[in-house]
Every structure is written in structure tokens, then in C-alpha cells.
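For reference, query-v9.cif is printed below; it contains mmCIF, C-alpha atoms and all ligand atoms.
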```
data_protein
loop_
_atom_site.label_atom_id
_atom_site.label_comp_id
_atom_site.auth_asym_id
_atom_site.auth_seq_id
_atom_site.Cartn_x
_atom_site.Cartn_y
_atom_site.Cartn_z
CA MET A 1 153.13 -89.35 -50.47
CA PRO A 2 153.39 -90.50 -54.12
CA GLU A 3 156.86 -91.33 -55.36
CA GLN A 4 158.25 -88.39 -57.35
CA ALA A 5 159.97 -89.18 -60.67
CA ILE A 6 163.70 -88.51 -61.00
CA HIS A 7 164.64 -86.75 -64.22
CA ARG A 8 168.31 -86.01 -63.56
CA VAL A 9 171.05 -87.45 -61.35
CA GLY A 10 174.29 -85.75 -60.27
CA ILE A 11 177.33 -86.76 -58.24
CA GLY A 12 179.70 -84.62 -56.18
CA THR A 13 182.72 -85.21 -53.98
CA ASP A 14 184.83 -82.99 -51.75
CA LEU A 15 187.80 -83.32 -49.42
CA HIS A 16 189.39 -80.88 -46.99
CA ARG A 17 192.52 -81.25 -44.88
CA LEU A 18 191.88 -81.22 -41.11
CA VAL A 19 193.78 -78.59 -39.16
CA PRO A 20 193.66 -77.13 -35.63
CA GLY A 21 191.70 -73.95 -34.97
CA ARG A 22 188.81 -74.53 -37.36
CA ARG A 23 185.18 -75.47 -36.58
CA LEU A 24 184.09 -78.82 -38.01
CA VAL A 25 180.81 -78.20 -39.84
CA LEU A 26 179.23 -81.15 -41.66
CA GLY A 27 175.94 -80.67 -43.49
CA HIS A 28 175.47 -77.30 -41.80
CA VAL A 29 175.73 -78.97 -38.35
CA GLU A 30 178.65 -78.15 -36.04
CA VAL A 31 180.35 -81.28 -34.72
CA PRO A 32 182.57 -80.81 -31.64
CA PHE A 33 186.13 -81.85 -32.53
CA GLU A 34 189.66 -80.57 -32.00
CA LEU A 35 190.29 -80.21 -35.74
CA GLY A 36 188.38 -78.63 -38.60
CA PRO A 37 188.65 -78.29 -42.38
CA ALA A 38 191.25 -76.00 -43.90
CA GLY A 39 189.65 -73.95 -46.62
CA HIS A 40 188.54 -70.62 -47.98
CA SER A 41 184.88 -71.01 -46.99
CA ASP A 42 183.64 -72.84 -43.88
CA GLY A 43 184.95 -76.05 -45.50
CA ASP A 44 181.67 -77.95 -45.17
CA VAL A 45 182.48 -81.01 -47.30
CA VAL A 46 178.88 -82.26 -47.20
CA LEU A 47 177.39 -79.09 -48.62
CA HIS A 48 180.24 -78.74 -51.13
CA ALA A 49 179.67 -82.28 -52.42
CA LEU A 50 175.91 -81.63 -52.56
CA ILE A 51 176.48 -78.39 -54.50
CA ASP A 52 178.54 -80.24 -57.10
CA ALA A 53 175.93 -83.01 -57.26
CA LEU A 54 173.16 -80.44 -57.83
CA ALA A 55 175.30 -78.65 -60.39
CA GLY A 56 176.08 -81.91 -62.16
CA ALA A 57 172.43 -82.92 -62.33
CA ALA A 58 171.32 -79.52 -63.60
CA GLY A 59 174.19 -79.03 -66.06
CA LEU A 60 175.65 -76.07 -64.14
CA PRO A 61 179.37 -75.27 -63.72
CA ASP A 62 181.23 -76.86 -60.80
CA ILE A 63 181.52 -75.25 -57.35
CA GLY A 64 185.01 -73.88 -58.01
CA GLU A 65 183.80 -72.10 -61.13
CA MET A 66 180.65 -70.72 -59.50
CA PHE A 67 182.39 -69.63 -56.29
CA PRO A 68 186.12 -69.06 -56.97
CA ASP A 69 188.29 -69.32 -53.83
CA SER A 70 190.22 -66.32 -55.15
CA ASP A 71 187.09 -64.20 -54.50
CA PRO A 72 187.22 -62.58 -51.01
CA ALA A 73 183.38 -62.56 -50.99
CA TYR A 74 183.50 -66.29 -50.18
CA ALA A 75 186.10 -66.15 -47.38
CA GLY A 76 184.69 -67.99 -44.35
CA ILE A 77 181.22 -68.00 -45.92
CA ASP A 78 178.44 -70.22 -44.58
CA SER A 79 178.20 -72.88 -47.30
CA GLY A 80 174.44 -72.98 -46.74
CA ARG A 81 174.32 -69.63 -48.54
CA LEU A 82 176.25 -71.10 -51.48
CA LEU A 83 173.87 -74.07 -51.60
CA GLU A 84 170.89 -71.70 -51.59
CA GLN A 85 172.31 -69.80 -54.59
CA VAL A 86 172.81 -73.05 -56.51
CA LEU A 87 169.29 -74.21 -55.63
CA GLN A 88 167.90 -70.98 -57.04
CA ARG A 89 169.66 -71.74 -60.33
CA VAL A 90 168.43 -75.36 -60.25
CA ARG A 91 164.84 -74.20 -59.65
CA ALA A 92 165.12 -71.59 -62.42
CA LEU A 93 165.85 -74.49 -64.78
CA GLY A 94 162.62 -76.17 -63.68
CA PHE A 95 164.09 -78.81 -61.36
CA ALA A 96 163.85 -79.55 -57.64
CA PRO A 97 165.74 -82.02 -55.40
CA VAL A 98 163.88 -85.25 -54.74
CA ASN A 99 166.49 -87.26 -52.85
CA ALA A 100 170.07 -87.08 -51.66
CA ASP A 101 172.41 -89.92 -50.75
CA VAL A 102 175.44 -88.76 -48.77
CA ILE A 103 178.54 -90.58 -47.51
CA ILE A 104 180.81 -88.74 -45.07
CA HIS A 105 184.33 -90.16 -44.99
CA ALA A 106 185.99 -89.48 -41.63
CA GLU A 107 188.15 -91.51 -39.28
CA ARG A 108 187.22 -89.33 -36.32
CA PRO A 109 185.10 -88.07 -34.65
CA ARG A 110 182.40 -90.72 -34.42
CA LEU A 111 179.53 -89.30 -36.47
CA SER A 112 176.65 -91.65 -35.61
CA PRO A 113 175.16 -89.31 -32.97
CA PHE A 114 175.08 -86.45 -35.50
CA LYS A 115 173.61 -88.23 -38.50
CA PRO A 116 169.93 -87.49 -37.70
CA ALA A 117 170.61 -83.76 -37.23
CA ILE A 118 172.66 -83.64 -40.45
CA ARG A 119 169.89 -85.46 -42.34
CA ASP A 120 167.23 -83.05 -41.08
CA GLU A 121 169.36 -80.00 -41.87
CA VAL A 122 170.31 -81.20 -45.36
CA ALA A 123 166.63 -81.99 -46.06
CA ARG A 124 165.62 -78.53 -44.85
CA LEU A 125 168.24 -76.82 -47.02
CA LEU A 126 167.29 -78.86 -50.09
CA GLY A 127 163.55 -78.51 -49.49
CA ALA A 128 163.33 -82.31 -49.62
CA ASP A 129 161.52 -84.83 -47.44
CA PRO A 130 163.96 -86.02 -44.69
CA ALA A 131 162.84 -89.58 -45.49
CA ARG A 132 164.51 -89.10 -48.89
CA VAL A 133 167.84 -87.94 -47.47
CA SER A 134 170.37 -90.55 -46.38
CA ILE A 135 173.47 -89.67 -44.37
CA LYS A 136 176.03 -92.44 -44.04
CA ALA A 137 179.39 -92.24 -42.31
CA LYS A 138 182.41 -94.39 -43.06
CA THR A 139 185.90 -94.65 -41.65
CA HIS A 140 188.80 -95.56 -43.93
CA GLU A 141 190.23 -98.33 -41.76
CA GLY A 142 193.35 -96.35 -40.91
CA VAL A 143 194.64 -96.13 -44.48
CA ASP A 144 194.95 -93.12 -46.83
CA ALA A 145 194.64 -89.45 -45.80
CA VAL A 146 191.12 -89.89 -44.41
CA GLY A 147 192.10 -93.04 -42.56
CA ARG A 148 195.11 -91.30 -40.99
CA GLY A 149 192.77 -88.53 -39.81
CA GLU A 150 194.43 -85.92 -42.01
CA ALA A 151 191.30 -85.14 -44.03
CA VAL A 152 187.53 -85.32 -44.09
CA ALA A 153 185.68 -86.04 -47.33
CA CYS A 154 182.21 -86.52 -48.73
CA THR A 155 180.54 -88.26 -51.66
CA ALA A 156 177.00 -87.21 -52.59
CA VAL A 157 174.40 -88.16 -55.19
CA VAL A 158 171.31 -86.03 -55.79
CA GLY A 159 168.21 -86.84 -57.83
CA LEU A 160 166.24 -83.99 -59.38
CA GLY A 161 162.59 -84.06 -60.35
CA ARG A 162 160.48 -81.49 -62.12
CA GLY A 163 160.17 -78.39 -59.96
CA SER A 164 156.85 -77.37 -58.50
CA THR A 165 155.23 -74.12 -59.57
CA ARG A 166 155.62 -72.60 -56.08
MG MG B 201 185.21 -77.82 -50.44
#
```
Hey, can you dump this file as C-alpha cells for me?
Ligand code: MG
Amino acid sequence: MPEQAIHRVGIGTDLHRLVPGRRLVLGHVEVPFELGPAGHSDGDVVLHALIDALAGAAGLPDIGEMFPDSDPAYAGIDSGRLLEQVLQRVRALGFAPVNADVIIHAERPRLSPFKPAIRDEVARLLGADPARVSIKAKTHEGVDAVGRGEAVACTAVVGLGRGSTR
């Protein structure tokens, strides 16, 4: 497959506190764990960081402006639906995701076994080739809120090319 040109780049980050009684969903993949992200939506830090990266690349407002957490419509919502709405806006501007580089910051659980499933799911949601989606996981060596296991976070970069005419 020929290499597709990148016309725009965007970055996004997100962090949620970890609390009991919530499902841990990372990149639209449920990861078994005793804690999950506090938050208004499903708290999927990977998709939230990707949404802000897409928005940044396309010159759209940030996730909090597009989907206010004061709006009951977004309570407990599957963040995949939010990502789909943002992608529609990105495509309407004539762009399409080419690649995504994702770092998940979590002390626990161990994420290595889940990285392939997260990569495939993120690629599916973005409509990108899985070979152009990278999912990396890092611990924080026991320091700061992530390192103490109090929070999970994500950093994401997305490259946009010209959209297809599909
Ligand atoms: Mg969030």
C-alpha cells in the first residue's frame, strides 16, 4: 500500500481518576480490573485523547466543548459514539485519519495482553490500517497520581490525510 501523505497533525491527552465500581474501558476494549475511571461518560481515556487529537488536527473545538459533561445526553455514553461524531466532522472537512500513536499511562493492570485488541479496535473505529496504529503502555514508576494507581491517562497523536471520496 502506498504511503499516504499527512496534511495535519493533532495531539490529545486525557486523565481519569480510578474508582471502585466502574468498568475499565481502554480504546473501546474492556480490561478486567477492580477499578475503573470516574467520569460522566464511560471514561475511556484512549478514545477521549484520540478525539482531542482529531479535533486538534482538524481545527475543531475540544472534547469538553463538543460534548459538555453538564449535558445528560452524554451520561455513561459509549465514547465510540462520540468518536464517530467527531470523525464525521473531520471527514466533512475533507480529512481522514492516516495514523495514530497512542500511549496509555497506567500503573496497573498490566496492559501488554490487551494491546493488540486495542490497536485493532482503534484502527476499526478510525477507519485506519491497523499497521498504522501504535498502542504503547507505560507505568509511571510508582510516582505521581498514575504511578500511585490513582489515575489512568492517555497521550495520543493523530495524522490526517486528505479524505477519500467514499
Ligand atoms: Mg475523559
### Task
Give the residues close to ligand MG 201 (chain B), within 9 Å, counting all atoms listed in the file; write them as a count of residues only.
19
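The closest residue to Val25 (chain A), picked from A:Leu111, A:Leu87, A:Ala5, A:Ala100 and counting all atoms listed in the file, is A:Leu111.
One finds CA of Ile103 (chain A) at 11.9 Å from CA of Val158 (chain A).
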Return as JSON lines the residues of region 35-103 of chain A lying at most 12 Å from region 143-150 of chain A, together with the closest atom-to-atom pair for each and the distance in Å to one decimal, counting only C-alpha atoms, with rows in chain order and ascending residue number.
```
{"residue": "A:Leu35", "atom": "CA", "partner": "A:Glu150", "partner_atom": "CA", "distance": 9.4}
{"residue": "A:Gly36", "atom": "CA", "partner": "A:Glu150", "partner_atom": "CA", "distance": 10.1}
{"residue": "A:Pro37", "atom": "CA", "partner": "A:Glu150", "partner_atom": "CA", "distance": 9.6}
{"residue": "A:Ala38", "atom": "CA", "partner": "A:Glu150", "partner_atom": "CA", "distance": 10.6}
```
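Our summary of the geometry notes that CA of Gly80 (chain A) is positioned 26.8 Å from CA of Glu3 (chain A).
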### Task
For region 119-122 of chain A, list every protein, DNA or RNA residue within 7 Å, evaluated using all atoms listed in the file, and leave out those in the same chain fewer than 6 positions away; present the list as a list in words.
Gly27, His28, Pro130, Val133, Ser134 and Ile135 of chain A
Give me a file of those residues, with C-alpha atoms, as a tab-separated table (two decimals), keeping the file's coordinate frame.
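So result22.tsv came out as:
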```tsv
chain	number	residue	atom	x	y	z
A	27	GLY	CA	175.94	-80.67	-43.49
A	28	HIS	CA	175.47	-77.30	-41.80
A	130	PRO	CA	163.96	-86.02	-44.69
A	133	VAL	CA	167.84	-87.94	-47.47
A	134	SER	CA	170.37	-90.55	-46.38
A	135	ILE	CA	173.47	-89.67	-44.37
```
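The smallest atom-to-atom distance between Val9 (chain A) and any of A:Leu26, A:Ile77, A:Val31, A:Val98, using only C-alpha atoms, is found for A:Val98.
Distances from A:Pro68, A:Leu54, A:Val152, A:Lys115 to Lys136 (chain A) were compared using all atoms listed in the file, and the smallest one belongs to A:Lys115.
In terms of minimum interatomic distance to Leu18 (chain A), A:Arg108 ranks closest within A:Gln88, A:Asp69, A:Arg108, A:Glu141, counting only C-alpha atoms.
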## Note on the structure
re CA of Gly127 (chain A) and CA of Ala96 (chain A): distance 8.2 Å
### Message
Residues within 12 Å of Arg91 (chain A), please, as a list in words. Count only C-alpha atoms; anything in the same chain fewer than 2 positions from it doesn't count.
### Response
Leu54, Ala55, Ala57, Ala58, Leu60, Glu84, Gln85, Val86, Leu87, Gln88, Arg89, Leu93, Gly94, Phe95, Ala96, Pro97, Leu126, Gly127, Leu160, Gly161, Arg162, Gly163, Ser164, Thr165 and Arg166 of chain A
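Counting all atoms listed in the file and comparing A:Gly142, A:Gly12, A:Pro32, A:Gly56, the residue that lies closest to Pro113 (chain A) is A:Pro32.
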